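Source file: final-v6.cif (mmCIF, C-alpha atoms and all ligand atoms)
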```cif
data_structure
loop_
_atom_site.label_atom_id
_atom_site.label_comp_id
_atom_site.auth_asym_id
_atom_site.auth_seq_id
_atom_site.Cartn_x
_atom_site.Cartn_y
_atom_site.Cartn_z
CA MET O 186 92.46 100.66 76.10
CA VAL O 187 92.80 97.21 77.58
CA THR O 188 96.25 96.08 78.46
CA THR O 189 97.00 92.55 79.48
CA THR O 190 99.82 90.33 80.41
CA HIS O 191 99.90 86.60 79.82
CA ASP O 192 102.79 86.10 82.15
CA ASP O 193 101.87 85.28 85.76
CA ARG O 194 105.12 86.78 86.90
CA HIS O 195 104.08 90.25 85.89
CA GLY O 196 100.40 90.47 86.78
CA THR O 197 100.56 92.90 89.68
CA ALA O 198 104.23 93.72 89.88
CA GLY O 199 104.78 97.31 90.87
CA SER O 200 107.11 100.21 90.23
CA ALA O 201 110.56 101.19 91.43
CA ASP O 202 108.96 103.29 94.20
CA ASP O 203 107.44 100.29 95.90
CA LEU O 204 108.62 99.31 99.35
CA LEU O 205 107.80 95.65 98.72
CA ALA O 206 107.64 93.86 95.39
CA ILE O 207 106.75 90.17 95.15
CA ARG O 208 107.03 88.36 91.85
CA GLY O 209 106.02 84.84 90.89
CA LEU O 210 105.99 83.66 94.50
CA ARG O 211 105.23 79.97 95.05
CA THR O 212 105.06 78.40 98.49
CA GLU O 213 104.48 74.68 99.00
CA PHE O 214 104.15 72.18 101.83
CA GLY O 215 105.16 68.52 101.58
CA THR O 216 106.48 66.56 98.64
CA GLY O 217 105.30 64.46 95.68
CA ASP O 218 101.58 63.80 95.24
CA ARG O 219 100.84 65.31 98.64
CA THR O 220 102.37 68.71 97.89
CA VAL O 221 99.99 71.48 98.97
CA ARG O 222 100.60 74.44 96.69
CA ALA O 223 99.32 77.17 98.98
CA VAL O 224 100.74 80.20 97.10
CA ARG O 225 100.71 79.72 93.35
CA GLY O 226 102.64 82.44 91.56
CA VAL O 227 101.69 85.63 93.39
CA ASP O 228 102.70 89.07 92.15
CA LEU O 229 102.03 91.88 94.58
CA SER O 230 103.48 95.21 95.54
CA ILE O 231 103.07 97.68 98.38
CA ALA O 232 103.99 101.33 98.02
CA ARG O 233 105.60 103.36 100.79
CA GLY O 234 102.97 104.48 103.28
CA GLU O 235 100.26 102.45 101.57
CA ILE O 236 97.66 100.35 103.41
CA LEU O 237 97.01 97.20 101.40
CA GLY O 238 94.16 94.89 102.43
CA LEU O 239 94.64 91.22 101.50
CA VAL O 240 91.25 89.54 101.49
CA GLY O 241 89.96 86.04 100.73
CA GLU O 242 88.10 83.10 102.22
CA SER O 243 89.61 80.78 104.77
CA GLY O 244 92.30 78.60 103.17
CA SER O 245 93.00 80.95 100.26
CA GLY O 246 96.66 81.32 101.28
CA LYS O 247 96.70 84.75 102.95
CA SER O 248 98.65 83.69 106.03
CA VAL O 249 101.06 81.55 104.02
CA LEU O 250 101.74 84.57 101.79
CA ALA O 251 102.30 86.81 104.85
CA SER O 252 104.62 84.22 106.43
CA SER O 253 106.48 83.81 103.14
CA ILE O 254 107.22 87.55 103.03
CA LEU O 255 108.68 87.22 106.53
CA ARG O 256 110.56 84.02 105.59
CA LEU O 257 108.73 82.23 108.39
CA ILE O 258 107.86 79.11 106.37
CA ARG O 259 109.24 76.07 108.19
CA PRO O 260 110.07 72.69 106.59
CA PRO O 261 108.39 70.69 105.14
CA GLY O 262 107.13 74.02 103.80
CA ARG O 263 109.31 75.92 101.36
CA ILE O 264 109.36 78.87 99.03
CA ALA O 265 109.66 77.04 95.72
CA ALA O 266 110.00 79.99 93.35
CA GLY O 267 109.77 83.74 93.04
CA GLU O 268 111.30 86.94 94.24
CA ILE O 269 110.68 89.17 97.26
CA VAL O 270 112.34 92.57 97.12
CA PHE O 271 112.04 94.82 100.16
CA ASP O 272 113.38 98.35 99.91
CA GLY O 273 115.76 97.20 97.18
CA ARG O 274 116.96 94.14 99.12
CA ASP O 275 116.53 90.53 98.04
CA VAL O 276 114.76 88.91 100.99
CA LEU O 277 115.15 85.34 99.73
CA ALA O 278 118.93 85.79 99.60
CA MET O 279 119.27 87.01 103.21
CA ASN O 280 121.16 84.79 105.65
CA THR O 281 119.71 83.95 109.07
CA ARG O 282 121.48 86.76 110.90
CA THR O 283 120.50 89.45 108.39
CA LEU O 284 116.95 88.11 108.37
CA SER O 285 116.48 88.35 112.09
CA ARG O 286 117.88 91.90 112.18
CA TRP O 287 115.69 92.88 109.23
CA ARG O 288 112.50 91.38 110.73
CA GLY O 289 112.79 93.24 113.99
CA ARG O 290 113.89 96.56 112.57
CA ASP O 291 112.19 97.03 109.22
CA ILE O 292 109.06 94.90 109.64
CA GLY O 293 106.60 94.76 112.53
CA ILE O 294 104.18 91.87 112.95
CA VAL O 295 100.80 91.70 114.64
CA PHE O 296 98.99 88.35 114.81
CA GLN O 297 95.47 87.27 115.68
CA GLN O 298 96.02 86.04 119.25
CA PRO O 299 97.94 88.72 121.15
CA GLN O 300 97.89 86.85 124.48
CA GLY O 301 99.63 83.88 122.82
CA CYS O 302 102.41 86.11 121.47
CA LEU O 303 103.22 87.83 124.75
CA ASN O 304 105.48 86.21 127.33
CA PRO O 305 103.16 85.40 130.28
CA VAL O 306 105.87 85.79 132.93
CA ARG O 307 107.37 89.13 131.85
CA ARG O 308 105.97 92.54 132.64
CA ILE O 309 104.42 94.24 129.64
CA GLY O 310 106.73 97.25 129.89
CA TRP O 311 109.83 95.07 129.54
CA GLN O 312 108.36 93.29 126.53
CA VAL O 313 107.86 96.63 124.79
CA ALA O 314 111.29 97.81 125.97
CA GLU O 315 113.11 94.70 124.75
CA PRO O 316 113.44 95.61 121.04
CA LEU O 317 114.48 99.12 122.06
CA ARG O 318 117.31 97.66 124.14
CA LEU O 319 118.36 94.90 121.77
CA LYS O 320 118.00 96.62 118.41
CA LYS O 321 118.21 100.31 119.26
CA GLY O 322 120.83 99.90 121.97
CA LEU O 323 118.98 101.92 124.64
CA GLY O 324 119.86 101.47 128.32
CA ARG O 325 117.31 99.98 130.77
CA ARG O 326 115.93 103.28 132.04
CA ALA O 327 115.66 104.94 128.62
CA ALA O 328 114.05 101.85 127.08
CA TRP O 329 111.52 101.64 129.92
CA ASP O 330 110.61 105.33 129.57
CA GLU O 331 110.18 104.96 125.81
CA ALA O 332 108.08 101.81 126.33
CA VAL O 333 105.74 103.77 128.60
CA GLN O 334 105.47 106.47 125.91
CA LEU O 335 104.69 103.82 123.30
CA LEU O 336 102.00 102.30 125.52
CA ARG O 337 100.51 105.78 125.91
CA SER O 338 100.57 106.32 122.14
CA VAL O 339 98.59 103.13 121.50
CA GLY O 340 95.91 104.21 123.96
CA ILE O 341 96.77 102.13 127.05
CA PRO O 342 95.26 103.96 130.06
CA SER O 343 97.64 104.73 132.99
CA PRO O 344 100.62 103.43 130.98
CA GLU O 345 103.09 103.87 133.89
CA SER O 346 101.23 101.34 136.02
CA LYS O 347 100.07 99.11 133.11
CA ALA O 348 103.71 98.73 132.06
CA ARG O 349 104.23 96.82 135.33
CA ALA O 350 101.32 94.45 134.66
CA TYR O 351 101.63 90.88 133.33
CA PRO O 352 99.75 89.89 130.14
CA HIS O 353 96.99 87.99 132.03
CA GLN O 354 96.17 91.21 133.90
CA VAL O 355 95.06 93.09 130.76
CA SER O 356 92.09 92.59 128.42
CA GLY O 357 92.36 91.09 124.90
CA GLY O 358 91.99 94.55 123.34
CA GLN O 359 94.74 95.98 125.56
CA ALA O 360 97.00 93.02 124.80
CA GLN O 361 96.56 93.72 121.09
CA ARG O 362 97.46 97.37 121.71
CA VAL O 363 100.61 96.15 123.48
CA MET O 364 101.46 93.97 120.45
CA ILE O 365 101.01 97.00 118.19
CA ALA O 366 103.30 99.03 120.47
CA ILE O 367 105.95 96.29 120.23
CA ALA O 368 105.53 96.03 116.45
CA LEU O 369 105.88 99.80 116.02
CA ALA O 370 108.64 100.30 118.62
CA LEU O 371 111.44 100.48 116.07
CA ARG O 372 109.42 102.50 113.54
CA PRO O 373 109.37 99.73 110.91
CA LYS O 374 108.82 100.53 107.26
CA LEU O 375 106.17 97.81 106.95
CA LEU O 376 103.68 96.39 109.40
CA ILE O 377 102.08 93.02 108.66
CA ALA O 378 98.85 92.40 110.56
CA ASP O 379 97.25 88.97 110.08
CA GLU O 380 93.59 89.06 111.22
CA PRO O 381 94.57 91.17 114.25
CA THR O 382 91.01 91.91 115.35
CA THR O 383 89.07 88.69 114.77
CA ALA O 384 89.57 87.51 118.38
CA LEU O 385 88.20 90.80 119.77
CA ASP O 386 84.65 92.00 120.29
CA VAL O 387 83.18 94.35 117.71
CA THR O 388 83.62 97.68 119.53
CA ILE O 389 87.22 96.90 120.37
CA GLN O 390 87.82 95.74 116.78
CA ALA O 391 86.87 99.17 115.47
CA GLN O 392 89.20 100.90 117.95
CA ILE O 393 92.13 98.65 117.03
CA LEU O 394 91.58 99.22 113.31
CA GLU O 395 91.55 102.96 113.89
CA LEU O 396 94.72 102.71 115.94
CA LEU O 397 96.50 100.72 113.24
CA ARG O 398 95.43 103.11 110.51
CA ASP O 399 96.34 106.24 112.48
CA SER O 400 99.70 104.85 113.63
CA CYS O 401 100.67 103.90 110.09
CA ARG O 402 99.52 107.23 108.67
CA THR O 403 101.41 109.21 111.34
CA HIS O 404 104.71 107.45 110.73
CA GLY O 405 104.34 106.77 106.99
CA THR O 406 104.46 103.03 107.71
CA SER O 407 103.14 100.70 105.00
CA LEU O 408 100.58 98.17 106.23
CA LEU O 409 99.69 94.76 104.85
CA PHE O 410 96.40 93.93 106.51
CA VAL O 411 95.14 90.35 106.17
CA THR O 412 91.44 89.68 106.63
CA HIS O 413 88.52 87.64 105.32
CA ASP O 414 86.24 90.64 105.82
CA LEU O 415 85.70 93.17 103.02
CA GLY O 416 83.87 95.41 105.52
CA VAL O 417 87.14 95.84 107.44
CA ILE O 418 88.99 96.61 104.21
CA ALA O 419 86.44 99.30 103.37
CA LYS O 420 87.25 101.11 106.62
CA LEU O 421 90.98 100.74 106.56
CA ALA O 422 92.74 100.20 103.27
CA ASP O 423 93.89 102.29 100.30
CA ARG O 424 94.14 99.31 98.00
CA VAL O 425 92.84 95.73 97.99
CA ALA O 426 94.24 92.44 96.72
CA VAL O 427 91.70 89.63 96.49
CA MET O 428 93.18 86.17 96.94
CA TYR O 429 91.63 82.88 95.87
CA ALA O 430 93.20 79.42 96.04
CA GLY O 431 96.75 80.73 96.19
CA ASN O 432 96.38 83.36 93.45
CA ILE O 433 95.65 87.07 93.44
CA VAL O 434 92.57 87.41 91.21
CA GLU O 435 91.85 91.14 91.43
CA THR O 436 93.61 94.21 92.77
CA GLY O 437 92.59 97.82 92.81
CA SER O 438 91.81 100.85 94.92
CA VAL O 439 89.27 100.29 97.68
CA GLY O 440 86.80 102.61 95.93
CA GLY O 441 87.30 100.90 92.58
CA ILE O 442 86.88 97.38 93.92
CA LEU O 443 83.95 98.09 96.24
CA GLU O 444 82.06 100.17 93.70
CA SER O 445 82.77 98.07 90.64
CA PRO O 446 84.17 94.65 91.47
CA ARG O 447 84.90 92.79 88.24
CA HIS O 448 85.99 89.30 89.21
CA PRO O 449 83.11 86.88 89.93
CA TYR O 450 84.82 85.83 93.16
CA THR O 451 85.14 89.43 94.40
CA ARG O 452 81.46 89.93 93.58
CA GLY O 453 80.65 86.82 95.58
CA LEU O 454 82.62 88.17 98.56
CA MET O 455 80.69 91.44 98.31
CA ASP O 456 77.37 89.59 98.36
CA ALA O 457 78.51 87.71 101.43
CA ALA O 458 79.74 90.79 103.35
CA PRO O 459 77.10 91.98 105.84
CA ARG O 460 78.63 95.40 106.44
CA LEU O 461 78.68 96.24 102.76
CA ARG O 462 75.00 95.64 102.10
CA SER O 463 73.29 98.95 101.60
CA SER O 464 69.63 97.99 101.74
CA GLU O 465 68.42 96.48 104.98
CA GLY O 466 66.69 93.15 104.76
CA GLU O 467 68.59 92.17 101.62
CA ARG O 468 69.60 88.56 102.00
CA LEU O 469 73.28 87.69 102.21
CA ARG O 470 74.41 85.12 99.72
CA ASP O 471 77.17 82.66 100.41
CA ILE O 472 79.41 81.66 97.54
CA PRO O 473 78.31 78.08 96.81
CA GLY O 474 81.02 75.41 96.90
CA SER O 475 84.47 75.57 98.45
CA ILE O 476 88.11 76.29 97.64
CA PRO O 477 89.66 73.49 95.51
CA ASN O 478 92.04 70.95 96.96
CA LEU O 479 95.41 72.69 96.78
CA ALA O 480 97.24 69.35 96.62
CA ARG O 481 95.70 68.63 93.19
CA PRO O 482 96.77 70.21 89.89
CA ILE O 483 94.60 73.16 88.87
CA PRO O 484 95.16 73.65 85.13
CA GLY O 485 92.69 76.50 84.58
CA CYS O 486 90.99 79.14 86.68
CA PRO O 487 90.70 77.78 90.24
CA PHE O 488 87.30 79.46 90.65
CA ALA O 489 85.77 77.61 87.65
CA PRO O 490 83.84 74.93 89.61
CA ARG O 491 82.01 77.66 91.57
CA CYS O 492 81.70 80.31 88.91
CA GLY O 493 78.25 81.30 87.62
CA LEU O 494 79.73 83.40 84.81
CA ARG O 495 81.69 80.46 83.45
CA LYS O 496 78.48 78.43 83.30
CA GLU O 497 76.42 81.25 81.83
CA LEU O 498 78.93 81.99 79.07
CA GLU O 499 79.99 78.36 78.59
CA LEU O 500 83.63 79.33 78.78
CA ASP O 501 85.53 76.04 78.32
CA ARG O 502 88.80 77.92 78.35
CA CYS O 503 88.32 78.56 82.09
CA ASP O 504 88.91 74.85 82.77
CA ARG O 505 92.11 74.73 80.76
CA GLU O 506 94.04 77.96 81.21
CA MET O 507 94.65 80.42 83.96
CA PRO O 508 93.53 83.83 82.72
CA PRO O 509 96.15 86.61 82.55
CA PHE O 510 95.76 89.91 84.33
CA VAL O 511 93.87 92.60 82.47
CA GLN O 512 94.26 96.17 83.54
CA SER O 513 90.83 97.72 83.28
CA ALA O 514 91.48 101.07 84.95
CA GLU O 515 94.50 102.66 86.51
CA ARG O 516 95.75 100.29 89.19
CA HIS O 517 92.76 97.96 88.77
CA ALA O 518 93.77 94.55 87.46
CA VAL O 519 91.62 91.43 87.09
CA ARG O 520 92.20 87.89 85.84
CA CYS O 521 89.05 86.45 84.28
CA TRP O 522 88.22 85.02 80.84
CA GLY O 523 84.66 86.28 81.28
CA LEU O 524 85.54 89.99 81.07
CA PRO O 525 83.98 91.56 77.96
CA GLU O 526 87.43 92.71 76.81
CA MET O 527 88.67 89.09 76.91
CA ARG O 528 85.91 87.68 74.74
CA THR O 529 87.79 88.13 71.43
CA ALA O 530 90.75 86.26 72.84
CA ASN O 531 88.33 83.52 73.96
CA ARG O 532 86.71 83.18 70.54
CA THR O 533 90.00 82.88 68.71
CA ASN O 534 91.71 81.09 71.60
CA ALA O 535 94.47 83.59 70.92
CA ALA O 536 96.75 85.27 73.37
CA ALA O 537 95.66 88.77 74.31
CA PRO O 538 97.24 91.45 72.13
CA GLU O 539 99.46 93.50 74.36
CA ARG O 540 101.74 92.82 77.19
CA GLU O 541 102.51 95.29 79.86
CA ILE O 542 103.52 95.35 83.48
CA VAL O 543 100.51 96.44 85.50
CA ARG O 544 99.85 96.88 89.21
N1 LIG O 601 102.20 74.16 107.74
C1 LIG O 601 101.36 73.78 106.78
N2 LIG O 601 101.43 72.53 106.26
C2 LIG O 601 100.59 72.11 105.28
N3 LIG O 601 99.65 72.91 104.71
C3 LIG O 601 99.55 74.16 105.18
C4 LIG O 601 100.39 74.66 106.22
N4 LIG O 601 100.04 75.95 106.48
C5 LIG O 601 99.03 76.23 105.62
N5 LIG O 601 98.75 75.16 104.85
C6 LIG O 601 97.71 75.07 103.81
O1 LIG O 601 97.85 76.19 102.96
C7 LIG O 601 96.56 76.64 102.54
C8 LIG O 601 96.44 78.13 102.82
O2 LIG O 601 96.40 78.31 104.23
P1 LIG O 601 96.39 79.74 104.93
O3 LIG O 601 96.54 79.50 106.39
O4 LIG O 601 97.38 80.63 104.29
O5 LIG O 601 94.94 80.27 104.58
P2 LIG O 601 94.27 81.65 105.03
O6 LIG O 601 93.84 82.33 103.79
O7 LIG O 601 95.21 82.38 105.93
O8 LIG O 601 93.00 81.14 105.83
P3 LIG O 601 92.32 81.74 107.17
O9 LIG O 601 91.44 82.88 106.72
O10 LIG O 601 91.55 80.59 107.70
O11 LIG O 601 93.40 82.19 108.11
C9 LIG O 601 95.54 75.78 103.27
O12 LIG O 601 95.14 74.75 102.39
C10 LIG O 601 96.31 75.22 104.43
O13 LIG O 601 95.81 73.97 104.81
S1 LIG O 602 88.12 82.87 84.40
FE1 LIG O 602 86.20 81.79 84.02
S2 LIG O 602 85.89 80.53 85.83
FE2 LIG O 602 87.43 82.05 86.34
S3 LIG O 602 86.30 83.69 87.28
FE3 LIG O 602 86.45 84.19 85.12
S4 LIG O 602 84.64 83.33 84.13
FE4 LIG O 602 84.80 82.43 86.17
MG MG O 603 95.15 83.00 107.91
#
```

What would the structure in this file look like if it were written as structure tokens?
Ligand SMILES: Nc1ncnc2c1ncn2[C@@H]1O[C@H](COP(=O)(O)OP(=O)(O)OP(=O)(O)O)[C@@H](O)[C@H]1O
Ligand code: SF4
Ligand SMILES: [Mg+2]
Amino acid sequence: MVTTTHDDRHGTAGSADDLLAIRGLRTEFGTGDRTVRAVRGVDLSIARGEILGLVGESGSGKSVLASSILRLIRPPGRIAAGEIVFDGRDVLAMNTRTLSRWRGRDIGIVFQQPQGCLNPVRRIGWQVAEPLRLKKGLGRRAAWDEAVQLLRSVGIPSPESKARAYPHQVSGGQAQRVMIAIALALRPKLLIADEPTTALDVTIQAQILELLRDSCRTHGTSLLFVTHDLGVIAKLADRVAVMYAGNIVETGSVGGILESPRHPYTRGLMDAAPRLRSSEGERLRDIPGSIPNLARPIPGCPFAPRCGLRKELELDRCDREMPPFVQSAERHAVRCWGLPEMRTANRTNAAAPEREIVR
């Protein structure tokens, strides 16, 4: 049976067991005609202990979404609408003090450029020890000892002596391990990692991914992993959310999405992903065209100008209306007027028959 929702606010909203539930989130930059609508009504949830991969081309809004969850959007940017509920708490209603406590304790963050995030004039050990002192209340000695243990657990060799090093004295891969140690120091419930391996060479990338996955599995930490690379998702995630032009267009289990992607954009990403090609010599295909200008109104499906299926089926509706989510299998939801199960609704221009909250 096909179940759909025609309400953006409920497309991928989750269940009461979710650690994080985002509904109808809109994030904008600027004002008036120049307003860039970077996140355009996103619904997304992450279960406890789940690894969710957020994937999409450059400019699709992944980092803005991650920063919105953390309330790190600075003016002239703003969260214009929506709801972010973390472990039962309304994140958008938190005051500055509560926010800063919450960020350090319940959420860990790992960014792309570890060297830029570390303080160049402080020893690594003290940087790992700092949250343990400030937020866990440990004394200097105890915090230092625990920092050394954390450095050991993230695979830093000779952690006792490396703890005394400054950031410029360690490699990029080791600096990223240090960032992961800092992010995990307080055993957060959620780790957000925004392209944490793109600045590293390929061998080190694989090691860091393994470290992230193992650390989260060991401690039951949920992970939101942001990447433009479906190959990385295949290795790491339980579930995938595909983002395009500020919207989530498909979500599902990694197996479900990689084996039977349904949205034309997800299929395009698969064709463009070198590590997912099974037969050698098969040519990679770029998705022709580019992401639409996010400062202009987009009345219909944002992928329409690039979509082969729209052209093939002559689906005028794509240009006028954003498709609703359709749940095609358990936990697999897609928004596309070209799905066979949407064709009746297209012919009659009618709303789809049922309405249900899906994930
Ligand atoms: N501070 C800002 N002011 C204005 N526009 C912004 C700002 N930050 C992001 N944007 C715009 O929001 C859109 C989404 O950007 P975002 O950085 O989230 O993309 P992304 O998916 O993370 O891309 P990438 O893979 O390159 O990191 C882009 O059009 C970008 O130009
Ligand atoms: S809704 Fe239309 S334009 Fe958008 S992906 Fe589906 S077929 Fe293509
Ligand atoms: Mg980004």

* To do: Would you list the residues that come within 8 Å of ligand MG 603 (chain O)? Count only C-alpha atoms and all ligand atoms and give the answer as a PyMOL selection string.
  => chain O and resi 243-244+246-249+379-380+411-412

* To do: Could you please determine the separation between atom CA of Leu277 of chain O and atom CA of Leu371 of chain O in Å, to one decimal place?
  => 22.6 Å

* To do: Using only C-alpha atoms and all ligand atoms, pick whichever of O:Phe488, O:Tyr429, O:Phe296, O:Phe410 has the shortest atom-to-atom distance to ligand LIG 602 (chain O).
  =>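 Smallest separation from ligand LIG 602 (chain O) among the options: O:Phe488.
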
* To do: List the neighbours of Leu210 of chain O out to 7 Å using only C-alpha atoms; skip same-chain residues closer than 4 positions along the sequence, and give me the result as a list in words.
  =>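 Selected residues are Val224, Arg225, Gly226, Val227, Asp228, Ala266, Gly267 and Glu268 of chain O.
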
* Asked: Quick one: distance from atom C7 of ligand LIG 601 (chain O) to atom CA of Thr382 of chain O in Å, one decimal?
  ->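 A separation of 20.7 Å between them.
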
* Name the residues, by chain letter and number, that sit within 10 Å of ligand LIG 601 (chain O) using only C-alpha atoms and all ligand atoms, and give them as a ChimeraX atom specification. => /O:212-215,219-224,239-253,258-263,297,379-380,411-414,428-431,476-480

* Go through O:Gly289, O:Gly234, O:Pro352, O:Gly322 and flag the residue nearest Arg308 of chain O, using only C-alpha atoms for the distances. => O:Pro352

* Set the cut-off to 12 Å, count only C-alpha atoms and all ligand atoms, and list whatever residues fall near ligand LIG 602 (chain O) as an MDAnalysis selection string. => chainID O and resid 429:430 432:435 446:453 483:511 519:528 531

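In terms of minimum interatomic distance to Ile367 of chain O, O:Val295 ranks closest within O:Ala348, O:Cys401, O:Val295, O:Leu255, counting all atoms listed in the file.
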
* To do: Using only C-alpha atoms, find the one residue out of O:Ala518, O:Ala350, O:Val339, O:Ala232 that sits nearest to Val306 of chain O.
  =>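 Closest to Val306 of chain O of all the choices is O:Ala350.
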
* What's the 12 Å shell around Arg326 of chain O, counting only C-alpha atoms, without same-chain residues fewer than 4 positions away, as a list in words? ->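 Here the answer would be Gly310, Trp311, Ala314, Glu315, Leu317, Arg318, Gly322, Asp330, Glu331, Ala332 and Val333 of chain O.
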
* To do: Compare O:Ala278, O:Ala360, O:Leu369, O:Ile341 by their minimum atom-to-atom distance to Asp291 of chain O, counting all atoms listed in the file, and give me the closest one.
  =>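 Closest to Asp291 of chain O, using all atoms listed in the file: O:Leu369.
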
Considering all atoms listed in the file, tabulate each residue of segment 305-381 of chain O that lies at most 12 Å from segment 402-405 of chain O along with its nearest interatomic pair and the corresponding distance in Å to one decimal; arrange the rows by chain and ascending residue number and present them as JSON lines.
```
{"residue": "O:Ser338", "atom": "CA", "partner": "O:Thr403", "partner_atom": "CA", "distance": 11.2}
{"residue": "O:Leu369", "atom": "CA", "partner": "O:His404", "partner_atom": "CA", "distance": 9.4}
{"residue": "O:Ala370", "atom": "CA", "partner": "O:His404", "partner_atom": "CA", "distance": 11.3}
{"residue": "O:Leu371", "atom": "CA", "partner": "O:His404", "partner_atom": "CA", "distance": 11.1}
{"residue": "O:Arg372", "atom": "CA", "partner": "O:His404", "partner_atom": "CA", "distance": 7.4}
{"residue": "O:Pro373", "atom": "CA", "partner": "O:His404", "partner_atom": "CA", "distance": 9.0}
{"residue": "O:Lys374", "atom": "CA", "partner": "O:Gly405", "partner_atom": "CA", "distance": 7.7}
{"residue": "O:Leu375", "atom": "CA", "partner": "O:Gly405", "partner_atom": "CA", "distance": 9.1}
{"residue": "O:Leu376", "atom": "CA", "partner": "O:Gly405", "partner_atom": "CA", "distance": 10.7}
```

Restricted to C-alpha atoms, what would the selected residues look like written as a PDB file, in the coordinates of the input?
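As a result, result18.pdb now contains:
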```
ATOM      1  CA  SER O 338     100.570 106.320 122.140  1.00  0.00           C
ATOM      2  CA  LEU O 369     105.880  99.800 116.020  1.00  0.00           C
ATOM      3  CA  ALA O 370     108.640 100.300 118.620  1.00  0.00           C
ATOM      4  CA  LEU O 371     111.440 100.480 116.070  1.00  0.00           C
ATOM      5  CA  ARG O 372     109.420 102.500 113.540  1.00  0.00           C
ATOM      6  CA  PRO O 373     109.370  99.730 110.910  1.00  0.00           C
ATOM      7  CA  LYS O 374     108.820 100.530 107.260  1.00  0.00           C
ATOM      8  CA  LEU O 375     106.170  97.810 106.950  1.00  0.00           C
ATOM      9  CA  LEU O 376     103.680  96.390 109.400  1.00  0.00           C
TER      10      LEU O 376
END
```

Listed atoms of segment 223-231 of chain O, axis-aligned box, 6 Å per side: centre and edge lengths to one decimal in Å, as AutoDock Vina command-line options?
```
--center_x 101.4 --center_y 87.4 --center_z 95.3 --size_x 16.2 --size_y 32.5 --size_z 19.4
```

* Asked: atom CA of Asn304 of chain O and atom CA of Arg362 of chain O are how many Å apart?
  -> 14.8 Å
